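Source file: coords33.csv; contents: CSV, C-alpha atoms (C1' of nucleotides).
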chain,number,residue,atom,x,y,z
V,1,MET,CA,152.5,134.6,152.8
V,2,GLY,CA,153.9,136.4,149.7
V,3,ILE,CA,157.1,138.4,149.6
V,4,LEU,CA,155.5,141.8,150.1
V,5,VAL,CA,158.2,143.8,148.3
V,6,ASP,CA,155.6,145.6,146.3
V,7,MET,CA,154.7,149.1,147.0
V,8,LYS,CA,151.7,150.0,149.1
V,9,LEU,CA,149.5,150.7,146.2
V,10,VAL,CA,150.1,147.3,144.5
V,11,ARG,CA,149.4,145.5,147.8
V,12,ILE,CA,146.1,147.3,148.1
V,13,TYR,CA,145.1,146.5,144.5
V,14,GLN,CA,146.1,142.8,145.1
V,15,CYS,CA,143.6,142.7,147.9
V,16,LEU,CA,140.9,144.3,145.8
V,17,CYS,CA,141.1,142.0,142.8
V,18,ASP,CA,139.0,139.2,144.2
V,19,ARG,CA,135.3,139.3,144.3
V,20,THR,CA,134.9,137.7,147.7
V,21,ARG,CA,137.4,140.1,149.2
V,22,LEU,CA,135.6,143.0,147.7
V,23,ARG,CA,132.3,141.8,149.2
V,24,ILE,CA,134.0,141.4,152.6
V,25,LEU,CA,135.4,144.9,152.5
V,26,ASN,CA,132.1,146.3,151.3
V,27,LEU,CA,130.5,144.9,154.5
V,28,LEU,CA,133.3,146.0,156.8
V,29,MET,CA,132.9,149.6,155.5
V,30,HIS,CA,129.5,149.5,157.3
V,31,GLY,CA,131.1,148.5,160.6
V,32,PRO,CA,133.0,145.6,162.3
V,33,LEU,CA,131.7,142.1,161.9
V,34,CYS,CA,132.5,138.6,163.3
V,35,VAL,CA,133.4,135.9,160.9
V,36,CYS,CA,130.2,134.0,161.3
V,37,HIS,CA,128.1,137.0,160.2
V,38,ILE,CA,130.3,137.6,157.2
V,39,GLN,CA,129.8,133.9,156.3
V,40,GLU,CA,126.1,134.2,156.8
V,41,ILE,CA,125.7,137.2,154.6
V,42,LEU,CA,128.0,136.1,151.8
V,43,ARG,CA,126.8,132.5,152.0
V,44,GLU,CA,130.3,131.3,151.4
V,45,PRO,CA,132.0,128.4,153.1
V,46,GLN,CA,133.9,129.1,156.3
V,47,VAL,CA,137.4,128.2,154.9
V,48,LYS,CA,137.0,130.5,152.0
V,49,VAL,CA,136.0,133.5,154.2
V,50,SER,CA,138.7,132.7,156.7
V,51,LYS,CA,141.4,132.5,154.1
V,52,HIS,CA,140.4,135.7,152.4
V,53,LEU,CA,140.3,137.5,155.8
V,54,ARG,CA,143.8,136.2,156.5
V,55,TYR,CA,144.9,137.5,153.1
V,56,LEU,CA,143.5,140.9,153.8
V,57,ARG,CA,145.0,141.0,157.3
V,58,ALA,CA,148.4,140.1,156.1
V,59,ARG,CA,148.3,143.1,153.9
V,60,GLY,CA,147.0,145.5,156.4
V,61,LEU,CA,143.5,146.0,154.9
V,62,VAL,CA,141.7,144.7,157.9
V,63,GLU,CA,142.4,144.2,161.6
V,64,VAL,CA,141.0,141.8,164.2
V,65,GLY,CA,139.9,141.9,167.7
V,66,LYS,CA,138.9,138.8,169.7
V,67,SER,CA,136.2,138.0,172.1
V,68,GLY,CA,136.0,134.4,173.2
V,69,HIS,CA,135.3,132.3,170.2
V,70,TRP,CA,134.7,135.3,168.1
V,71,ARG,CA,137.0,137.3,165.9
V,72,ILE,CA,135.8,140.7,165.1
V,73,TYR,CA,137.2,142.0,161.9
V,74,HIS,CA,137.2,145.7,161.1
V,75,LEU,CA,138.9,148.2,158.8
V,76,PRO,CA,142.0,149.8,160.3
V,77,ALA,CA,141.2,153.0,162.1
V,78,ARG,CA,144.4,154.7,160.9
V,79,ARG,CA,144.8,154.2,157.1
V,80,SER,CA,147.3,155.3,154.6
V,81,SER,CA,146.0,158.0,152.2
V,82,GLU,CA,146.2,155.4,149.4
V,83,LEU,CA,144.0,152.9,151.3
V,84,ASP,CA,141.6,155.6,152.3
V,85,ALA,CA,141.2,156.9,148.8
V,86,ASN,CA,140.7,153.4,147.4
V,87,LEU,CA,138.2,152.5,150.0
V,88,ARG,CA,136.2,155.6,149.3
V,89,CYS,CA,136.4,154.8,145.6
V,90,LEU,CA,135.2,151.3,146.2
V,91,GLN,CA,132.3,152.5,148.3
V,92,ASP,CA,131.2,154.7,145.3
V,93,CYS,CA,131.6,151.8,142.9
V,94,ALA,CA,129.7,149.4,145.2
V,95,LEU,CA,126.6,151.5,144.9
V,96,GLU,CA,126.3,150.4,141.2
V,97,ASP,CA,126.6,146.7,141.9
V,98,ALA,CA,123.5,144.6,142.7
V,99,GLU,CA,125.3,142.0,144.7
V,100,PHE,CA,127.1,144.6,146.9
V,101,ARG,CA,123.8,146.3,147.5
V,102,ALA,CA,122.1,143.0,148.4
V,103,ASP,CA,124.9,142.2,150.8
V,104,VAL,CA,124.4,145.5,152.6
V,105,ALA,CA,120.7,144.9,152.7
V,106,LYS,CA,121.3,141.5,154.3
V,107,LEU,CA,123.5,143.1,156.8
V,108,GLY,CA,120.7,145.5,157.7
V,109,LYS,CA,118.3,142.7,158.2
V,110,LEU,CA,120.7,140.9,160.4
V,111,ARG,CA,121.1,143.9,162.6
V,112,ASN,CA,117.4,144.3,162.9
V,113,LYS,CA,117.0,140.7,164.0
V,114,ILE,CA,119.6,141.2,166.6
V,115,LYS,CA,117.8,144.3,167.9
V,116,ASP,CA,114.7,142.3,168.1
V,117,GLY,CA,116.4,139.8,170.5
V,118,ALA,CA,117.7,137.1,168.1
V,119,PRO,CA,120.7,135.2,169.4
V,120,LEU,CA,123.7,137.4,169.3
V,121,CYS,CA,127.3,136.6,168.3
V,122,PRO,CA,129.6,137.9,169.6
V,123,PRO,CA,128.1,138.3,173.1
V,124,ARG,CA,126.7,141.7,173.9
V,125,SER,CA,129.1,142.0,176.8
V,126,PHE,CA,132.0,142.3,174.4
V,127,LEU,CA,130.3,144.8,172.3
V,128,THR,CA,129.4,147.1,175.1
V,129,ARG,CA,132.9,147.0,176.4
V,130,ASN,CA,134.1,147.8,172.8
V,131,PRO,CA,131.5,150.2,171.4
V,132,ALA,CA,133.9,151.3,168.7
V,133,LEU,CA,134.0,147.7,167.4
V,134,CYS,CA,130.3,147.1,167.6
V,135,GLY,CA,128.8,146.6,164.3
V,136,CYS,CA,125.8,144.6,165.3
X,1,MET,CA,143.0,135.4,127.5
X,2,GLY,CA,141.4,134.6,130.9
X,3,ILE,CA,137.8,133.7,131.4
X,4,LEU,CA,136.6,137.1,132.1
X,5,VAL,CA,133.6,136.0,134.1
X,6,ASP,CA,134.4,138.5,136.8
X,7,MET,CA,132.6,141.7,137.3
X,8,LYS,CA,133.9,144.9,135.8
X,9,LEU,CA,135.3,146.0,139.0
X,10,VAL,CA,137.4,142.9,139.6
X,11,ARG,CA,138.8,143.1,136.1
X,12,ILE,CA,139.8,146.7,136.7
X,13,TYR,CA,141.6,145.8,139.9
X,14,GLN,CA,143.3,142.9,138.3
X,15,CYS,CA,144.9,145.3,135.9
X,16,LEU,CA,145.9,147.6,138.7
X,17,CYS,CA,147.7,145.1,140.8
X,18,ASP,CA,151.0,145.0,138.9
X,19,ARG,CA,153.5,147.7,139.3
X,20,THR,CA,154.5,147.9,135.7
X,21,ARG,CA,150.9,148.2,134.6
X,22,LEU,CA,150.4,151.0,137.1
X,23,ARG,CA,153.4,152.9,135.7
X,24,ILE,CA,152.0,152.5,132.2
X,25,LEU,CA,148.6,153.7,133.1
X,26,ASN,CA,150.1,156.6,135.0
X,27,LEU,CA,151.9,157.7,131.8
X,28,LEU,CA,148.9,157.2,129.6
X,29,MET,CA,146.9,159.5,131.9
X,30,HIS,CA,149.1,162.3,130.6
X,31,GLY,CA,148.3,161.4,127.0
X,32,PRO,CA,148.7,158.7,124.3
X,33,LEU,CA,152.1,157.1,123.8
X,34,CYS,CA,153.8,154.7,121.4
X,35,VAL,CA,155.3,151.6,122.8
X,36,CYS,CA,158.9,152.7,122.3
X,37,HIS,CA,158.4,155.8,124.4
X,38,ILE,CA,156.8,153.8,127.2
X,39,GLN,CA,159.8,151.4,127.0
X,40,GLU,CA,162.2,154.3,127.1
X,41,ILE,CA,160.6,155.9,130.1
X,42,LEU,CA,160.1,152.8,132.1
X,43,ARG,CA,163.4,151.3,131.1
X,44,GLU,CA,161.8,147.9,130.9
X,45,PRO,CA,162.4,145.2,128.1
X,46,GLN,CA,160.2,145.3,125.1
X,47,VAL,CA,158.5,142.0,125.7
X,48,LYS,CA,157.5,143.0,129.2
X,49,VAL,CA,155.9,146.2,128.1
X,50,SER,CA,154.2,144.6,125.2
X,51,LYS,CA,152.7,141.9,127.2
X,52,HIS,CA,151.4,144.2,129.9
X,53,LEU,CA,149.8,146.4,127.2
X,54,ARG,CA,148.2,143.3,125.8
X,55,TYR,CA,146.8,142.4,129.2
X,56,LEU,CA,145.5,145.9,129.7
X,57,ARG,CA,143.9,146.0,126.2
X,58,ALA,CA,142.2,142.6,126.7
X,59,ARG,CA,140.5,144.0,129.7
X,60,GLY,CA,139.5,147.3,128.1
X,61,LEU,CA,141.8,149.6,130.2
X,62,VAL,CA,143.7,150.9,127.1
X,63,GLU,CA,143.1,151.1,123.4
X,64,VAL,CA,145.4,151.2,120.4
X,65,GLY,CA,145.8,153.1,117.2
X,66,LYS,CA,148.3,152.3,114.6
X,67,SER,CA,150.6,154.3,112.4
X,68,GLY,CA,153.1,152.4,110.3
X,69,HIS,CA,155.4,150.7,112.7
X,70,TRP,CA,154.0,152.4,115.6
X,71,ARG,CA,151.2,151.5,117.9
X,72,ILE,CA,149.8,154.4,119.9
X,73,TYR,CA,148.2,153.4,123.1
X,74,HIS,CA,145.8,155.5,124.9
X,75,LEU,CA,143.1,155.4,127.6
X,76,PRO,CA,139.6,154.7,126.3
X,77,ALA,CA,137.7,157.9,125.6
X,78,ARG,CA,134.5,156.5,126.9
X,79,ARG,CA,135.0,154.8,130.3
X,80,SER,CA,132.7,153.1,132.7
X,81,SER,CA,132.1,155.0,135.8
X,82,GLU,CA,134.0,152.4,137.7
X,83,LEU,CA,137.1,152.8,135.5
X,84,ASP,CA,136.8,156.5,135.6
X,85,ALA,CA,136.6,156.6,139.4
X,86,ASN,CA,139.6,154.3,139.8
X,87,LEU,CA,141.7,156.1,137.3
X,88,ARG,CA,141.1,159.4,139.2
X,89,CYS,CA,141.9,157.6,142.4
X,90,LEU,CA,145.1,156.3,140.9
X,91,GLN,CA,146.1,159.7,139.7
X,92,ASP,CA,145.8,161.0,143.2
X,93,CYS,CA,147.8,158.2,144.7
X,94,ALA,CA,150.4,158.5,142.0
X,95,LEU,CA,151.3,162.0,143.3
X,96,GLU,CA,152.7,160.4,146.5
X,97,ASP,CA,155.0,157.9,144.8
X,98,ALA,CA,158.5,158.9,143.8
X,99,GLU,CA,158.7,156.5,140.8
X,100,PHE,CA,155.5,157.7,139.4
X,101,ARG,CA,156.6,161.3,139.6
X,102,ALA,CA,159.9,160.4,138.1
X,103,ASP,CA,158.2,158.7,135.2
X,104,VAL,CA,156.1,161.7,134.5
X,105,ALA,CA,159.1,163.9,134.7
X,106,LYS,CA,160.9,161.8,132.1
X,107,LEU,CA,157.8,162.0,129.9
X,108,GLY,CA,158.0,165.8,130.1
X,109,LYS,CA,161.7,165.8,129.1
X,110,LEU,CA,161.0,163.5,126.2
X,111,ARG,CA,158.3,165.9,124.9
X,112,ASN,CA,160.6,168.8,125.2
X,113,LYS,CA,163.3,167.0,123.2
X,114,ILE,CA,160.8,166.3,120.5
X,115,LYS,CA,159.7,170.0,120.4
X,116,ASP,CA,163.4,170.9,120.0
X,117,GLY,CA,163.5,168.8,116.9
X,118,ALA,CA,164.8,165.5,118.1
X,119,PRO,CA,163.8,162.5,115.9
X,120,LEU,CA,160.2,161.7,116.4
X,121,CYS,CA,158.4,158.5,116.6
X,122,PRO,CA,155.6,158.1,115.5
X,123,PRO,CA,156.0,160.4,112.5
X,124,ARG,CA,154.6,163.9,112.8
X,125,SER,CA,152.3,163.2,109.8
X,126,PHE,CA,150.3,160.7,111.8
X,127,LEU,CA,150.1,163.0,114.8
X,128,THR,CA,148.8,166.0,112.9
X,129,ARG,CA,146.2,163.7,111.2
X,130,ASN,CA,145.2,162.5,114.7
X,131,PRO,CA,145.5,165.4,117.0
X,132,ALA,CA,143.3,163.7,119.6
X,133,LEU,CA,145.8,160.9,119.8
X,134,CYS,CA,148.9,163.0,119.9
X,135,GLY,CA,150.7,162.9,123.2
X,136,CYS,CA,154.1,163.9,122.1
D,1,DG,C1',138.1,116.1,182.5
D,2,DA,C1',134.6,115.6,177.9
D,3,DC,C1',132.2,118.0,174.4
D,4,DC,C1',130.8,121.7,171.3
D,5,DA,C1',131.1,126.0,168.6
D,6,DA,C1',134.0,129.5,166.1
D,7,DT,C1',137.8,130.0,163.6
D,8,DA,C1',142.3,128.9,161.6
D,9,DT,C1',145.6,126.0,159.3
D,10,DA,C1',147.7,122.1,156.3
D,11,DC,C1',147.6,119.8,152.3
D,12,DC,C1',146.3,119.1,147.6
D,13,DC,C1',145.1,120.5,142.9
D,14,DA,C1',144.1,123.6,139.1
D,15,DT,C1',144.7,128.1,137.2
D,16,DT,C1',146.8,132.4,136.5
D,17,DG,C1',150.3,135.4,135.8
D,18,DA,C1',155.1,137.3,135.4
D,19,DG,C1',159.4,137.2,133.2
D,20,DG,C1',162.8,135.8,129.8
D,21,DA,C1',164.6,133.9,125.2
D,22,DA,C1',163.7,133.2,120.8
D,23,DT,C1',160.9,133.9,116.9
D,24,DA,C1',157.3,136.0,114.1
D,25,DT,C1',154.8,139.8,112.0
D,26,DA,C1',154.1,144.2,110.0
D,27,DC,C1',155.7,148.0,107.7
D,28,DA,C1',159.0,151.2,105.8
D,29,DA,C1',163.1,152.4,103.0
D,30,DC,C1',165.9,151.1,99.5
Q,1,DG,C1',163.0,141.7,96.2
Q,2,DT,C1',166.4,142.7,100.9
Q,3,DT,C1',167.1,144.9,105.1
Q,4,DG,C1',166.0,147.1,109.3
Q,5,DT,C1',162.9,148.8,112.9
Q,6,DA,C1',158.7,148.5,115.9
Q,7,DT,C1',155.9,145.5,118.0
Q,8,DA,C1',153.6,141.1,119.0
Q,9,DT,C1',153.6,136.1,119.9
Q,10,DT,C1',155.1,131.5,121.3
Q,11,DC,C1',157.2,128.6,124.5
Q,12,DC,C1',159.1,127.9,128.7
Q,13,DT,C1',159.6,128.0,133.9
Q,14,DC,C1',158.4,129.5,138.3
Q,15,DA,C1',155.7,131.7,141.9
Q,16,DA,C1',151.3,133.1,143.6
Q,17,DT,C1',146.5,132.3,144.2
Q,18,DG,C1',141.8,130.3,144.8
Q,19,DG,C1',139.1,126.6,146.2
Q,20,DG,C1',138.1,122.3,148.6
Q,21,DT,C1',138.7,118.5,152.3
Q,22,DA,C1',140.3,117.4,156.4
Q,23,DT,C1',142.3,118.6,160.7
Q,24,DA,C1',143.8,121.6,164.3
Q,25,DT,C1',143.2,125.2,167.7
Q,26,DT,C1',141.0,128.0,170.9
Q,27,DG,C1',137.7,129.1,174.3
Q,28,DG,C1',133.5,128.2,176.1
Q,29,DT,C1',129.9,124.9,178.9
Q,30,DC,C1',128.9,121.1,181.5
What would you get if you wrote out this structure as structure tokens?
Amino acid sequence: MGILVDMKLVRIYQCLCDRTRLRILNLLMHGPLCVCHIQEILREPQVKVSKHLRYLRARGLVEVGKSGHWRIYHLPARRSSELDANLRCLQDCALEDAEFRADVAKLGKLRNKIKDGAPLCPPRSFLTRNPALCGC
Amino acid sequence: MGILVDMKLVRIYQCLCDRTRLRILNLLMHGPLCVCHIQEILREPQVKVSKHLRYLRARGLVEVGKSGHWRIYHLPARRSSELDANLRCLQDCALEDAEFRADVAKLGKLRNKIKDGAPLCPPRSFLTRNPALCGC
DNA sequence: GACCAATATACCCATTGAGGAATATACAAC
DNA sequence: GTTGTATATTCCTCAATGGGTATATTGGTC
């Protein structure tokens, strides 16, 4: 868990100081995603992704919705000014990093495949019920 | 030390995820400072300040100049776009934190005392020779 | 019920990092 | 040289973190 006595800002930076977590946040800035899509794009083992998501969630940088098997992670709708400022800063910085750009490109391809009828996860029913959460 | 295989951005966030280091950077954004002034403002033990400065220096977030006993720390003049963006973001966020504001206020008082003739460290000779580094 | 897929958790190990106490270094004044 | 001041480093302990393997949980389908 962690003691979480630090101030908001420190907790935010703690979340940002791992490469995998940055990649995850970079993806989520383009919309909600289920764990399996994050895994697929990052090409990282399931445990690793899951644990980083847990870390981010414990510190309020992401939130989850569930639909059957699937957990849909998304950035919180209401954010502290600190979090908002840092996410925007990260978004700018991400433009200069090749891996971040590649991740976003993969995300785009994934969405196109889905539009073309590829098997979908989570099920379309959930996404139409929760359009705000639909990133696919 | 550290292996430093991480990307620039991660290294920056690693520096930012400690409260003491944030306080130091917040001060240095207002101009160069010698270690003893940082100590005095933060009211933290010398070892602690010194080690955090070393950490920051090893990762390129601060640089040092020396003058006799004194080491004058300052932000690097030339910064990567990532560092620059994050320092500006930090500056914005710092406005909302009471301790950060208090630190800056103490810094102001310290400078006033110096103007009024209080004992100066580092010596004025160094500062006039290096006006760009003079924060006092 | 059995079985499978998506995700989370437990446990272990190695590394990092923060903090303190004591000591060392570097430089100035004498 | 000695002494004193400013700063850095070494050694220690402890907590947090990242990654992996194995296992558990949860919610479907049959």
#### Entry: Atomic distance CA of Asp92 (chain V) - CA of Cys17 (chain X), expressed in Å with one decimal
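According to the coordinates, CA of Asp92 (chain V) and CA of Cys17 (chain X) are separated by 19.6 Å.
Using all atoms listed in the file, the nearest neighbour of chain X within the list V:Phe100, V:Tyr13, V:Tyr73, V:Tyr55 is V:Tyr13.
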Closest atom pairs, residues of chain X within 12 Å of chain V, all atoms listed in the file, as JSON lines:
{"residue": "X:Val5", "atom": "CA", "partner": "V:Arg19", "partner_atom": "CA", "distance": 10.9}
{"residue": "X:Asp6", "atom": "CA", "partner": "V:Arg19", "partner_atom": "CA", "distance": 7.6}
{"residue": "X:Met7", "atom": "CA", "partner": "V:Arg19", "partner_atom": "CA", "distance": 7.9}
{"residue": "X:Lys8", "atom": "CA", "partner": "V:Asp97", "partner_atom": "CA", "distance": 9.7}
{"residue": "X:Leu9", "atom": "CA", "partner": "V:Cys93", "partner_atom": "CA", "distance": 7.9}
{"residue": "X:Val10", "atom": "CA", "partner": "V:Cys17", "partner_atom": "CA", "distance": 5.0}
{"residue": "X:Arg11", "atom": "CA", "partner": "V:Cys17", "partner_atom": "CA", "distance": 7.2}
{"residue": "X:Ile12", "atom": "CA", "partner": "V:Cys17", "partner_atom": "CA", "distance": 7.8}
{"residue": "X:Tyr13", "atom": "CA", "partner": "V:Cys17", "partner_atom": "CA", "distance": 4.8}
{"residue": "X:Gln14", "atom": "CA", "partner": "V:Cys17", "partner_atom": "CA", "distance": 5.1}
{"residue": "X:Cys15", "atom": "CA", "partner": "V:Cys17", "partner_atom": "CA", "distance": 8.5}
{"residue": "X:Leu16", "atom": "CA", "partner": "V:Tyr13", "partner_atom": "CA", "distance": 6.0}
{"residue": "X:Cys17", "atom": "CA", "partner": "V:Tyr13", "partner_atom": "CA", "distance": 4.7}
{"residue": "X:Asp18", "atom": "CA", "partner": "V:Val10", "partner_atom": "CA", "distance": 6.1}
{"residue": "X:Arg19", "atom": "CA", "partner": "V:Val10", "partner_atom": "CA", "distance": 6.2}
{"residue": "X:Thr20", "atom": "CA", "partner": "V:Val10", "partner_atom": "CA", "distance": 9.9}
{"residue": "X:Arg21", "atom": "CA", "partner": "V:Val10", "partner_atom": "CA", "distance": 10.0}
{"residue": "X:Leu22", "atom": "CA", "partner": "V:Val10", "partner_atom": "CA", "distance": 8.3}
{"residue": "X:Arg23", "atom": "CA", "partner": "V:Val10", "partner_atom": "CA", "distance": 10.9}
{"residue": "X:Ser80", "atom": "CA", "partner": "V:Cys93", "partner_atom": "CA", "distance": 10.3}
{"residue": "X:Ser81", "atom": "CA", "partner": "V:Cys93", "partner_atom": "CA", "distance": 7.8}
{"residue": "X:Glu82", "atom": "CA", "partner": "V:Cys93", "partner_atom": "CA", "distance": 5.8}
{"residue": "X:Leu83", "atom": "CA", "partner": "V:Cys93", "partner_atom": "CA", "distance": 9.3}
{"residue": "X:Asp84", "atom": "CA", "partner": "V:Cys93", "partner_atom": "CA", "distance": 10.1}
{"residue": "X:Ala85", "atom": "CA", "partner": "V:Cys89", "partner_atom": "CA", "distance": 6.5}
{"residue": "X:Asn86", "atom": "CA", "partner": "V:Cys89", "partner_atom": "CA", "distance": 6.6}
{"residue": "X:Leu87", "atom": "CA", "partner": "V:Cys89", "partner_atom": "CA", "distance": 9.9}
{"residue": "X:Arg88", "atom": "CA", "partner": "V:Cys89", "partner_atom": "CA", "distance": 9.2}
{"residue": "X:Cys89", "atom": "CA", "partner": "V:Ala85", "partner_atom": "CA", "distance": 6.5}
{"residue": "X:Leu90", "atom": "CA", "partner": "V:Asn86", "partner_atom": "CA", "distance": 8.4}
{"residue": "X:Gln91", "atom": "CA", "partner": "V:Glu82", "partner_atom": "CA", "distance": 10.6}
{"residue": "X:Asp92", "atom": "CA", "partner": "V:Ala85", "partner_atom": "CA", "distance": 8.3}
{"residue": "X:Cys93", "atom": "CA", "partner": "V:Glu82", "partner_atom": "CA", "distance": 5.7}
{"residue": "X:Ala94", "atom": "CA", "partner": "V:Leu9", "partner_atom": "CA", "distance": 8.9}
{"residue": "X:Leu95", "atom": "CA", "partner": "V:Glu82", "partner_atom": "CA", "distance": 10.3}
{"residue": "X:Glu96", "atom": "CA", "partner": "V:Glu82", "partner_atom": "CA", "distance": 8.7}
{"residue": "X:Asp97", "atom": "CA", "partner": "V:Met7", "partner_atom": "CA", "distance": 9.1}
{"residue": "X:Ala98", "atom": "CA", "partner": "V:Met7", "partner_atom": "CA", "distance": 11.0}
{"residue": "X:Glu99", "atom": "CA", "partner": "V:Met7", "partner_atom": "CA", "distance": 10.4}
{"residue": "X:Phe100", "atom": "CA", "partner": "V:Leu9", "partner_atom": "CA", "distance": 11.5}
### Query
Suppose you want the space between C1' of DT23 (chain D) and CA of Gly65 (chain X); what is it in Å?
24.4 Å
#### Entry: chain D contacts to chain X at 12 Å (only C-alpha atoms (C1' of nucleotides)) as a list in words
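Selected residues: DT15, DT16, DG17, DA18, DG19, DG20, DA21, DA22, DT25, DA26, DC27 and DA28 of chain D.
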Against chain V, which residues of chain Q fall within 9 Å? For each one I want the closest pair of atoms and the distance in Å (one decimal), counting all atoms listed in the file, rows by chain and increasing residue number, as a Markdown table.
| residue | atom | partner | partner_atom | distance |
| --- | --- | --- | --- | --- |
| Q:DA16 | C1' | V:Gly2 | CA | 7.4 |
| Q:DG18 | C1' | V:Lys48 | CA | 8.7 |
| Q:DG19 | C1' | V:Lys48 | CA | 7.3 |
| Q:DG20 | C1' | V:Val47 | CA | 8.7 |
| Q:DT26 | C1' | V:His69 | CA | 7.2 |
| Q:DG27 | C1' | V:Gly68 | CA | 5.7 |
| Q:DG28 | C1' | V:Gly68 | CA | 7.3 |
### Query
V:Arg101, V:Gly60, V:Ile41, V:Lys66: which is nearest Arg79 (chain V), counting only C-alpha atoms?
V:Gly60
### Message
Need the shell around region 34-38 of chain V: protein/DNA/RNA residues with any atom at most 9 Å away, counting all atoms listed in the file. Skip same-chain ones fewer than 4 positions apart. Format as a PyMOL selection string?
### Response
(chain V and resi 24+27-28+42-44+46+49-50+53+70-74+107+110+121-122+135) or (chain D and resi 6-7)
### Task
Pick out the residues sitting within 10 Å of DT3 (chain Q), and hand them over as a ChimeraX atom specification; count all atoms listed in the file, and ignore anything fewer than 2 positions along from it in its own chain.
/D:29-30 /Q:5
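Note that the spacing between C1' of DT10 (chain Q) and CA of Glu40 (chain X) amounts to 24.6 Å.
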Spatial sel., origin (143.4, 151.9, 123.9), limit 6 Å, only C-alpha atoms (C1' of nucleotides), listed as an mmCIF file with C-alpha atoms, in the coordinates of the input:
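Final output, saved to point24.cif:
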data_model
loop_
_atom_site.group_PDB
_atom_site.id
_atom_site.type_symbol
_atom_site.label_atom_id
_atom_site.label_comp_id
_atom_site.auth_asym_id
_atom_site.auth_seq_id
_atom_site.Cartn_x
_atom_site.Cartn_y
_atom_site.Cartn_z
ATOM 1 C CA VAL X 62 143.700 150.900 127.100
ATOM 2 C CA GLU X 63 143.100 151.100 123.400
ATOM 3 C CA VAL X 64 145.400 151.200 120.400
ATOM 4 C CA TYR X 73 148.200 153.400 123.100
ATOM 5 C CA HIS X 74 145.800 155.500 124.900
ATOM 6 C CA LEU X 75 143.100 155.400 127.600
ATOM 7 C CA PRO X 76 139.600 154.700 126.300
#
May I ask you to restore all heavy atoms in region 64-68 of chain V and write the result as a CSV table (one decimal), in the coordinates of the input?
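Saved the output as out.csv:
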chain,number,residue,atom,x,y,z
V,64,VAL,N,141.9,142.6,163.4
V,64,VAL,CA,141.0,141.8,164.2
V,64,VAL,C,141.1,142.1,165.6
V,64,VAL,O,142.1,142.4,166.2
V,64,VAL,CB,141.5,140.3,164.1
V,64,VAL,CG1,140.3,139.4,163.8
V,64,VAL,CG2,142.6,140.1,163.2
V,65,GLY,N,139.9,141.9,166.3
V,65,GLY,CA,139.9,141.9,167.7
V,65,GLY,C,139.3,140.5,168.1
V,65,GLY,O,138.6,139.9,167.3
V,66,LYS,N,139.5,140.1,169.3
V,66,LYS,CA,138.9,138.8,169.7
V,66,LYS,C,138.1,138.9,170.9
V,66,LYS,O,138.3,139.8,171.8
V,66,LYS,CB,140.0,137.7,169.8
V,66,LYS,CG,141.1,138.0,170.8
V,66,LYS,CD,141.9,136.7,171.1
V,66,LYS,CE,142.7,136.2,169.9
V,66,LYS,NZ,143.5,135.0,170.3
V,67,SER,N,137.1,138.1,171.0
V,67,SER,CA,136.2,138.0,172.1
V,67,SER,C,135.7,136.6,172.2
V,67,SER,O,134.8,136.2,171.5
V,67,SER,CB,135.0,138.9,171.9
V,67,SER,OG,134.0,138.5,172.8
V,68,GLY,N,136.4,135.8,173.1
V,68,GLY,CA,136.0,134.4,173.2
V,68,GLY,C,136.2,133.7,171.9
V,68,GLY,O,137.3,133.8,171.3
